[in-house]
Amino acid sequence: MKKLLIATLLGLTAASAQVQAKTLLVYYSFTGNIEKAAVAVKDQTSNDASSYPAIDPVDVDFSKYDTVIIGTPLWWSNMAAPMQTFLFHNGKAMAGKKIGLIVSSASSGISGVERDAKRLIPEGNFTKSLWIRSSQFSSAPKMVAEWLKANGLASK
């Protein structure tokens with residue numbers, strides 16, 4: 001089972017990108033929904049595509065960022081396991097940073113994901129989370145724009 005889980009995780013998409021001066025966007029997307037939200041964040045917070053380099057999740061220099069936006073799906077009332085692993089290894093480096101959380105789910109509330117994030121980044125300065133239900137993803141760009149503005153994260 002361990003080999004199967006490792007092989008499966010290696011086949012999943014995990015990516016991160018810088019979205020505005022001193023902002024790191026980290027997302028994990030299994031079905032593509034969170035990737036759509038992450039693209040909307042990228043499109044609405046930067047004018048320069050070269051400011052989105054691929055980042056090895058192990059070697060992120062968090063001292064370069066004031067804000068971290070985390071996008072993750074909800075799995076069985078919790079944050080997706082691969083993102084929990086990323087935050088387990090990097091959460092302490094995010095202490096004092098402004099943390100924005102974007103969560104997708106089919107129907108369940110996101111309080112479990114918020115608890116996971118606050119447990120794994122105990123000293124993060126969390127903004128109000130954005131919950132995008134699977135049925136709302138056609139409206140994701142508008143929802144992201146409103147969320148970015150409401151939380152002081154928009155640069156456009």
# chains A, B, ... in the order shown; residues from 1 in each chain; ligands from 1
>>> residues_around(residues="stretch 34-37 of chain A", least_positions_apart="6", cutoff="7 Å", atoms="only C-alpha atoms", output="list in words")
Tyr28, Gly71, Thr72, Pro73, Ser104, Ala140, Pro141 and Val144 of chain A
>>> write_last_selection(atoms="N, CA, C and O atoms", output="short mmCIF file (atom, residue, chain, number, x, y, z; two decimals), in the first residue's frame")
data_model
loop_
_atom_site.label_atom_id
_atom_site.label_comp_id
_atom_site.auth_asym_id
_atom_site.auth_seq_id
_atom_site.Cartn_x
_atom_site.Cartn_y
_atom_site.Cartn_z
N TYR A 28 -2.43 22.79 -4.38
CA TYR A 28 -2.46 21.38 -4.73
C TYR A 28 -3.83 21.15 -5.35
O TYR A 28 -4.84 21.55 -4.78
N GLY A 71 -4.12 27.12 -1.70
CA GLY A 71 -5.32 26.55 -2.32
C GLY A 71 -5.30 25.05 -2.15
O GLY A 71 -4.30 24.41 -2.44
N THR A 72 -6.40 24.49 -1.68
CA THR A 72 -6.46 23.05 -1.43
C THR A 72 -7.89 22.55 -1.49
O THR A 72 -8.81 23.27 -1.10
N PRO A 73 -8.07 21.33 -1.96
CA PRO A 73 -9.41 20.74 -1.86
C PRO A 73 -9.64 20.19 -0.46
O PRO A 73 -8.70 19.95 0.30
N SER A 104 -11.77 24.18 -1.96
CA SER A 104 -12.88 23.67 -2.78
C SER A 104 -13.45 22.43 -2.12
O SER A 104 -12.74 21.65 -1.50
N ALA A 140 -15.66 31.19 -10.18
CA ALA A 140 -14.43 31.28 -9.37
C ALA A 140 -13.64 32.57 -9.62
O ALA A 140 -13.21 33.21 -8.65
N PRO A 141 -13.42 33.01 -10.87
CA PRO A 141 -12.64 34.25 -11.05
C PRO A 141 -13.26 35.45 -10.33
O PRO A 141 -12.55 36.23 -9.70
N VAL A 144 -12.84 34.95 -6.55
CA VAL A 144 -11.44 35.21 -6.18
C VAL A 144 -11.18 36.72 -6.14
O VAL A 144 -10.55 37.23 -5.21
#
>>> closest_residue(among="A:Ala80, A:Ala40, A:Ala106, A:Ile121", to="A:Ser135", atoms="only C-alpha atoms")
A:Ala106
>>> residues_around(residues="stretch 107-116 of chain A", least_positions_apart="2", cutoff="9 Å", atoms="only C-alpha atoms", output="PDB file with N, CA, C and O atoms, in the first residue's frame")
ATOM      1  N   THR A  72      -6.404  24.494  -1.676  1.00  0.00           N
ATOM      2  CA  THR A  72      -6.456  23.054  -1.428  1.00  0.00           C
ATOM      3  C   THR A  72      -7.889  22.548  -1.487  1.00  0.00           C
ATOM      4  O   THR A  72      -8.813  23.266  -1.104  1.00  0.00           O
ATOM      5  N   PRO A  73      -8.074  21.335  -1.959  1.00  0.00           N
ATOM      6  CA  PRO A  73      -9.413  20.745  -1.860  1.00  0.00           C
ATOM      7  C   PRO A  73      -9.644  20.188  -0.457  1.00  0.00           C
ATOM      8  O   PRO A  73      -8.702  19.946   0.295  1.00  0.00           O
ATOM      9  N   LEU A  74     -10.887  20.008  -0.130  1.00  0.00           N
ATOM     10  CA  LEU A  74     -11.299  19.364   1.111  1.00  0.00           C
ATOM     11  C   LEU A  74     -11.453  17.876   0.821  1.00  0.00           C
ATOM     12  O   LEU A  74     -12.089  17.509  -0.166  1.00  0.00           O
ATOM     13  N   TRP A  75     -10.845  17.056   1.648  1.00  0.00           N
ATOM     14  CA  TRP A  75     -10.993  15.602   1.532  1.00  0.00           C
ATOM     15  C   TRP A  75     -11.530  15.083   2.845  1.00  0.00           C
ATOM     16  O   TRP A  75     -10.867  15.215   3.872  1.00  0.00           O
ATOM     17  N   TRP A  76     -12.711  14.526   2.850  1.00  0.00           N
ATOM     18  CA  TRP A  76     -13.297  13.916   4.035  1.00  0.00           C
ATOM     19  C   TRP A  76     -13.187  14.848   5.241  1.00  0.00           C
ATOM     20  O   TRP A  76     -12.715  14.480   6.306  1.00  0.00           O
ATOM     21  N   SER A  77     -13.614  16.074   5.058  1.00  0.00           N
ATOM     22  CA  SER A  77     -13.677  17.113   6.093  1.00  0.00           C
ATOM     23  C   SER A  77     -12.319  17.674   6.514  1.00  0.00           C
ATOM     24  O   SER A  77     -12.251  18.444   7.465  1.00  0.00           O
ATOM     25  N   ASN A  78     -11.250  17.302   5.835  1.00  0.00           N
ATOM     26  CA  ASN A  78      -9.919  17.793   6.173  1.00  0.00           C
ATOM     27  C   ASN A  78      -9.209  18.321   4.942  1.00  0.00           C
ATOM     28  O   ASN A  78      -9.629  18.089   3.808  1.00  0.00           O
ATOM     29  N   MET A  79      -8.093  18.980   5.174  1.00  0.00           N
ATOM     30  CA  MET A  79      -7.235  19.459   4.093  1.00  0.00           C
ATOM     31  C   MET A  79      -6.648  18.249   3.356  1.00  0.00           C
ATOM     32  O   MET A  79      -6.316  17.235   3.984  1.00  0.00           O
ATOM     33  N   ALA A  80      -6.505  18.355   2.041  1.00  0.00           N
ATOM     34  CA  ALA A  80      -5.917  17.272   1.253  1.00  0.00           C
ATOM     35  C   ALA A  80      -4.565  16.873   1.849  1.00  0.00           C
ATOM     36  O   ALA A  80      -3.753  17.733   2.214  1.00  0.00           O
ATOM     37  N   GLN A  84      -1.263  18.979   3.495  1.00  0.00           N
ATOM     38  CA  GLN A  84      -0.918  18.860   4.908  1.00  0.00           C
ATOM     39  C   GLN A  84       0.560  18.510   5.072  1.00  0.00           C
ATOM     40  O   GLN A  84       1.241  19.058   5.944  1.00  0.00           O
ATOM     41  N   LEU A 101      -6.471  31.380   2.550  1.00  0.00           N
ATOM     42  CA  LEU A 101      -6.812  29.978   2.299  1.00  0.00           C
ATOM     43  C   LEU A 101      -7.990  29.904   1.341  1.00  0.00           C
ATOM     44  O   LEU A 101      -9.048  30.492   1.582  1.00  0.00           O
ATOM     45  N   VAL A 103     -10.400  27.077  -0.495  1.00  0.00           N
ATOM     46  CA  VAL A 103     -10.772  25.668  -0.333  1.00  0.00           C
ATOM     47  C   VAL A 103     -11.899  25.324  -1.291  1.00  0.00           C
ATOM     48  O   VAL A 103     -12.867  26.073  -1.418  1.00  0.00           O
ATOM     49  N   SER A 104     -11.772  24.175  -1.960  1.00  0.00           N
ATOM     50  CA  SER A 104     -12.880  23.674  -2.782  1.00  0.00           C
ATOM     51  C   SER A 104     -13.452  22.432  -2.119  1.00  0.00           C
ATOM     52  O   SER A 104     -12.735  21.650  -1.497  1.00  0.00           O
ATOM     53  N   SER A 105     -14.768  22.287  -2.251  1.00  0.00           N
ATOM     54  CA  SER A 105     -15.424  21.072  -1.772  1.00  0.00           C
ATOM     55  C   SER A 105     -16.740  20.922  -2.507  1.00  0.00           C
ATOM     56  O   SER A 105     -17.284  21.891  -3.038  1.00  0.00           O
ATOM     57  N   LYS A 118      -4.505  26.086  10.594  1.00  0.00           N
ATOM     58  CA  LYS A 118      -4.095  26.787  11.813  1.00  0.00           C
ATOM     59  C   LYS A 118      -3.251  25.896  12.721  1.00  0.00           C
ATOM     60  O   LYS A 118      -2.382  26.397  13.444  1.00  0.00           O
ATOM     61  N   ARG A 119      -3.474  24.605  12.668  1.00  0.00           N
ATOM     62  CA  ARG A 119      -2.646  23.666  13.435  1.00  0.00           C
ATOM     63  C   ARG A 119      -1.246  23.578  12.839  1.00  0.00           C
ATOM     64  O   ARG A 119      -0.254  23.535  13.561  1.00  0.00           O
ATOM     65  N   LEU A 120      -1.174  23.577  11.510  1.00  0.00           N
ATOM     66  CA  LEU A 120       0.107  23.407  10.829  1.00  0.00           C
ATOM     67  C   LEU A 120       0.876  24.720  10.662  1.00  0.00           C
ATOM     68  O   LEU A 120       2.084  24.709  10.431  1.00  0.00           O
ATOM     69  N   ILE A 121       0.176  25.848  10.742  1.00  0.00           N
ATOM     70  CA  ILE A 121       0.803  27.181  10.697  1.00  0.00           C
ATOM     71  C   ILE A 121       0.289  27.933  11.930  1.00  0.00           C
ATOM     72  O   ILE A 121      -0.469  28.891  11.824  1.00  0.00           O
ATOM     73  N   SER A 129     -11.198  32.914   4.940  1.00  0.00           N
ATOM     74  CA  SER A 129     -11.012  31.916   3.880  1.00  0.00           C
ATOM     75  C   SER A 129     -12.015  32.106   2.751  1.00  0.00           C
ATOM     76  O   SER A 129     -13.098  32.653   2.944  1.00  0.00           O
ATOM     77  N   TRP A 131     -14.253  29.882   0.278  1.00  0.00           N
ATOM     78  CA  TRP A 131     -14.803  28.548   0.048  1.00  0.00           C
ATOM     79  C   TRP A 131     -15.485  28.568  -1.301  1.00  0.00           C
ATOM     80  O   TRP A 131     -16.444  29.302  -1.518  1.00  0.00           O
ATOM     81  N   ARG A 133     -17.452  26.115  -3.704  1.00  0.00           N
ATOM     82  CA  ARG A 133     -18.072  24.799  -3.873  1.00  0.00           C
ATOM     83  C   ARG A 133     -17.897  24.351  -5.321  1.00  0.00           C
ATOM     84  O   ARG A 133     -17.803  25.175  -6.226  1.00  0.00           O
ATOM     85  N   SER A 134     -17.871  23.065  -5.534  1.00  0.00           N
ATOM     86  CA  SER A 134     -17.671  22.524  -6.883  1.00  0.00           C
ATOM     87  C   SER A 134     -18.660  23.104  -7.880  1.00  0.00           C
ATOM     88  O   SER A 134     -18.314  23.373  -9.030  1.00  0.00           O
ATOM     89  N   SER A 135     -19.886  23.347  -7.460  1.00  0.00           N
ATOM     90  CA  SER A 135     -20.908  23.886  -8.351  1.00  0.00           C
ATOM     91  C   SER A 135     -20.691  25.365  -8.673  1.00  0.00           C
ATOM     92  O   SER A 135     -21.336  25.911  -9.555  1.00  0.00           O
TER      93      SER A 135
END
>>> select_by_dssp(residues="stretch 73-140 of chain A", states="strand (DSSP E)", output="ChimeraX atom specification")
/A:73-75,78-79,98-105,125-126,130-133
>>> closest_residue(among="A:Asp59, A:Asp43, A:Glu123, A:Asp66", to="A:Phe86", atoms="only C-alpha atoms")
A:Asp59
